[in-house]
Amino acid sequence: MLVLRFANESRGSRGAVTSPARVREPKVITEQMTALCAESKRTGTKFALGALDALQWLINGGAGPLTGDAAQKPVTVRDVVHELAAAEAAIYGRRPTQRDYARGVEHALMWAQYATAAPPVPPQDAQDRQERMKRRTPG
């Protein structure tokens, strides 16, 4: 049973930091996880893997994708902020090997919380349009 707070639910009396993270509907997150799984298998990018790990963590709890810190289900706002801080540190820090993975984690968590409209993997029709445009562009 998914207990994360969705956009249409009220907060109640819990504190903002210890409240469950407000995220997109389960169906939308599940569709994105399916797309990320396919993208990860197709391209093998660390970005897609990081984004997939972040969404799985957001839904299931457990060890954070970057921090490794345990989060119970439902994942709280504090947990998400902690992972986002770790992503920022990895992206702008001295470890270039984790940057793409951390960018995937950051983007997925921001998207899941409505902080950005663009999903980690664009819908298939948008990808198809991009591919057609690449083929038309000389060079």
# chains A, B, ... in the order shown; residues from 1 in each chain; ligands from 1
$ closest_atom_pairs --of "stretch 84-107 of chain A" --to "stretch 56-78 of chain A" --cutoff "9 Å" --atoms "only C-alpha atoms" --output "tab-separated table"
residue	atom	partner	partner_atom	distance
A:Leu84	CA	A:Leu66	CA	8.9
A:Ala86	CA	A:Leu66	CA	6.3
A:Ala87	CA	A:Leu66	CA	6.9
A:Ala90	CA	A:Leu66	CA	8.7
A:Tyr101	CA	A:Leu66	CA	8.8
A:Ala102	CA	A:Leu66	CA	7.3
A:Val105	CA	A:Pro65	CA	7.4
$ write_last_selection --atoms "N, CA and C atoms" --output "JSON list (two decimals), in the first residue's frame"
[["chain", "number", "residue", "atom", "x", "y", "z"],
["A", 84, "LEU", "N", 18.39, 15.04, -2.03],
["A", 84, "LEU", "CA", 18.65, 16.12, -2.98],
["A", 84, "LEU", "C", 19.97, 16.83, -2.65],
["A", 86, "ALA", "N", 22.54, 15.45, -1.21],
["A", 86, "ALA", "CA", 23.60, 14.52, -1.62],
["A", 86, "ALA", "C", 23.78, 14.57, -3.13],
["A", 87, "ALA", "N", 22.68, 14.69, -3.87],
["A", 87, "ALA", "CA", 22.77, 14.79, -5.33],
["A", 87, "ALA", "C", 23.53, 16.05, -5.73],
["A", 90, "ALA", "N", 27.18, 15.63, -5.15],
["A", 90, "ALA", "CA", 27.81, 14.75, -6.15],
["A", 90, "ALA", "C", 27.92, 15.44, -7.51],
["A", 101, "TYR", "N", 24.67, 9.78, -12.50],
["A", 101, "TYR", "CA", 23.75, 9.06, -11.61],
["A", 101, "TYR", "C", 23.04, 10.08, -10.70],
["A", 102, "ALA", "N", 23.81, 10.99, -10.10],
["A", 102, "ALA", "CA", 23.24, 11.99, -9.20],
["A", 102, "ALA", "C", 22.28, 12.92, -9.93],
["A", 105, "VAL", "N", 19.06, 11.06, -10.13],
["A", 105, "VAL", "CA", 18.38, 11.06, -8.83],
["A", 105, "VAL", "C", 17.71, 12.42, -8.61]]
$ residues_around --residues "A:Ala48" --least-positions-apart "2" --cutoff "7 Å" --atoms "only C-alpha atoms" --output "number ranges by chain"
A: 36, 39-40, 45-46, 50-52, 104
$ closest_residue --among "A:Val80, A:Val121, A:Ala108, A:Ala35" --to "A:Arg22" --atoms "only C-alpha atoms"
A:Val80
$ atom_distance --atom1 "atom CA of A:Val81" --atom2 "atom CA of A:Thr43"
28.5 Å
$ select_by_dssp --residues "stretch 48-113 of chain A" --states "alpha helix (DSSP H)" --output "PyMOL selection string"
chain A and resi 48-60+77-92+99-112
$ decode --residues "stretch 9-93 of chain A" --atoms "C-alpha atoms" --output "PDB file, in the first residue's frame"
ATOM      1  CA  GLU A   9      -4.453  15.321   0.009  1.00  0.00           C
ATOM      2  CA  SER A  10      -4.227  17.687   2.945  1.00  0.00           C
ATOM      3  CA  ARG A  11      -1.302  17.784   5.335  1.00  0.00           C
ATOM      4  CA  GLY A  12      -3.105  17.410   8.639  1.00  0.00           C
ATOM      5  CA  SER A  13      -1.319  18.256  11.867  1.00  0.00           C
ATOM      6  CA  ARG A  14       2.109  16.743  11.106  1.00  0.00           C
ATOM      7  CA  GLY A  15       5.133  19.013  10.759  1.00  0.00           C
ATOM      8  CA  ALA A  16       6.203  19.939   7.236  1.00  0.00           C
ATOM      9  CA  VAL A  17       9.613  18.261   7.460  1.00  0.00           C
ATOM     10  CA  THR A  18       8.328  15.005   8.945  1.00  0.00           C
ATOM     11  CA  SER A  19       5.286  14.839   6.660  1.00  0.00           C
ATOM     12  CA  PRO A  20       5.253  12.360   3.833  1.00  0.00           C
ATOM     13  CA  ALA A  21       6.644  13.874   0.651  1.00  0.00           C
ATOM     14  CA  ARG A  22       3.964  15.275  -1.677  1.00  0.00           C
ATOM     15  CA  VAL A  23       4.392  13.462  -4.979  1.00  0.00           C
ATOM     16  CA  ARG A  24       2.652  12.692  -8.252  1.00  0.00           C
ATOM     17  CA  GLU A  25      -0.020  10.001  -8.466  1.00  0.00           C
ATOM     18  CA  PRO A  26       1.190   6.374  -8.244  1.00  0.00           C
ATOM     19  CA  LYS A  27       0.069   5.558 -11.798  1.00  0.00           C
ATOM     20  CA  VAL A  28       2.161   8.412 -13.230  1.00  0.00           C
ATOM     21  CA  ILE A  29       5.230   7.424 -11.191  1.00  0.00           C
ATOM     22  CA  THR A  30       4.815   3.775 -12.174  1.00  0.00           C
ATOM     23  CA  GLU A  31       4.593   4.719 -15.867  1.00  0.00           C
ATOM     24  CA  GLN A  32       7.791   6.749 -15.526  1.00  0.00           C
ATOM     25  CA  MET A  33       9.521   3.858 -13.750  1.00  0.00           C
ATOM     26  CA  THR A  34       8.558   1.557 -16.636  1.00  0.00           C
ATOM     27  CA  ALA A  35       9.940   4.072 -19.148  1.00  0.00           C
ATOM     28  CA  LEU A  36      13.132   4.477 -17.104  1.00  0.00           C
ATOM     29  CA  CYS A  37      13.612   0.726 -16.878  1.00  0.00           C
ATOM     30  CA  ALA A  38      13.342   0.436 -20.670  1.00  0.00           C
ATOM     31  CA  GLU A  39      15.625   3.460 -21.172  1.00  0.00           C
ATOM     32  CA  SER A  40      18.178   2.046 -18.753  1.00  0.00           C
ATOM     33  CA  LYS A  41      18.217  -1.295 -20.567  1.00  0.00           C
ATOM     34  CA  ARG A  42      18.358   0.394 -23.979  1.00  0.00           C
ATOM     35  CA  THR A  43      21.066   2.961 -23.261  1.00  0.00           C
ATOM     36  CA  GLY A  44      22.706   1.850 -20.035  1.00  0.00           C
ATOM     37  CA  THR A  45      23.028   5.474 -18.896  1.00  0.00           C
ATOM     38  CA  LYS A  46      23.766   6.222 -15.273  1.00  0.00           C
ATOM     39  CA  PHE A  47      21.226   9.077 -15.448  1.00  0.00           C
ATOM     40  CA  ALA A  48      18.374   6.644 -16.177  1.00  0.00           C
ATOM     41  CA  LEU A  49      19.602   4.247 -13.489  1.00  0.00           C
ATOM     42  CA  GLY A  50      19.811   7.063 -10.917  1.00  0.00           C
ATOM     43  CA  ALA A  51      16.337   8.299 -11.790  1.00  0.00           C
ATOM     44  CA  LEU A  52      14.898   4.780 -11.569  1.00  0.00           C
ATOM     45  CA  ASP A  53      16.600   4.134  -8.218  1.00  0.00           C
ATOM     46  CA  ALA A  54      15.275   7.443  -6.877  1.00  0.00           C
ATOM     47  CA  LEU A  55      11.668   6.697  -7.835  1.00  0.00           C
ATOM     48  CA  GLN A  56      11.874   3.165  -6.459  1.00  0.00           C
ATOM     49  CA  TRP A  57      13.235   4.573  -3.190  1.00  0.00           C
ATOM     50  CA  LEU A  58      10.498   7.207  -3.101  1.00  0.00           C
ATOM     51  CA  ILE A  59       7.816   4.531  -3.477  1.00  0.00           C
ATOM     52  CA  ASN A  60       9.330   1.747  -1.342  1.00  0.00           C
ATOM     53  CA  GLY A  61      11.584   3.476   1.188  1.00  0.00           C
ATOM     54  CA  GLY A  62      14.795   1.725   2.174  1.00  0.00           C
ATOM     55  CA  ALA A  63      18.368   2.859   1.570  1.00  0.00           C
ATOM     56  CA  GLY A  64      18.628   6.233  -0.164  1.00  0.00           C
ATOM     57  CA  PRO A  65      20.079   6.022  -3.680  1.00  0.00           C
ATOM     58  CA  LEU A  66      22.992   8.338  -2.858  1.00  0.00           C
ATOM     59  CA  THR A  67      23.223   8.552   0.925  1.00  0.00           C
ATOM     60  CA  GLY A  68      22.449   4.931   1.696  1.00  0.00           C
ATOM     61  CA  ASP A  69      20.522   6.224   4.723  1.00  0.00           C
ATOM     62  CA  ALA A  70      17.469   4.169   5.605  1.00  0.00           C
ATOM     63  CA  ALA A  71      14.093   5.792   5.056  1.00  0.00           C
ATOM     64  CA  GLN A  72      10.865   4.232   6.157  1.00  0.00           C
ATOM     65  CA  LYS A  73       7.787   4.216   4.036  1.00  0.00           C
ATOM     66  CA  PRO A  74       6.350   6.781   3.514  1.00  0.00           C
ATOM     67  CA  VAL A  75       9.483   8.740   2.658  1.00  0.00           C
ATOM     68  CA  THR A  76       9.375  12.120   4.404  1.00  0.00           C
ATOM     69  CA  VAL A  77      10.165  15.582   3.112  1.00  0.00           C
ATOM     70  CA  ARG A  78      13.318  15.512   5.251  1.00  0.00           C
ATOM     71  CA  ASP A  79      14.453  12.276   3.580  1.00  0.00           C
ATOM     72  CA  VAL A  80      13.928  13.750   0.114  1.00  0.00           C
ATOM     73  CA  VAL A  81      15.771  16.966   1.002  1.00  0.00           C
ATOM     74  CA  HIS A  82      18.663  14.888   2.349  1.00  0.00           C
ATOM     75  CA  GLU A  83      18.911  12.922  -0.934  1.00  0.00           C
ATOM     76  CA  LEU A  84      18.654  16.118  -2.982  1.00  0.00           C
ATOM     77  CA  ALA A  85      21.515  17.637  -0.963  1.00  0.00           C
ATOM     78  CA  ALA A  86      23.603  14.522  -1.617  1.00  0.00           C
ATOM     79  CA  ALA A  87      22.774  14.788  -5.328  1.00  0.00           C
ATOM     80  CA  GLU A  88      23.876  18.425  -5.408  1.00  0.00           C
ATOM     81  CA  ALA A  89      27.116  17.531  -3.645  1.00  0.00           C
ATOM     82  CA  ALA A  90      27.809  14.749  -6.146  1.00  0.00           C
ATOM     83  CA  ILE A  91      26.911  16.868  -9.175  1.00  0.00           C
ATOM     84  CA  TYR A  92      29.055  19.838  -8.197  1.00  0.00           C
ATOM     85  CA  GLY A  93      31.659  18.004  -6.155  1.00  0.00           C
TER      86      GLY A  93
END
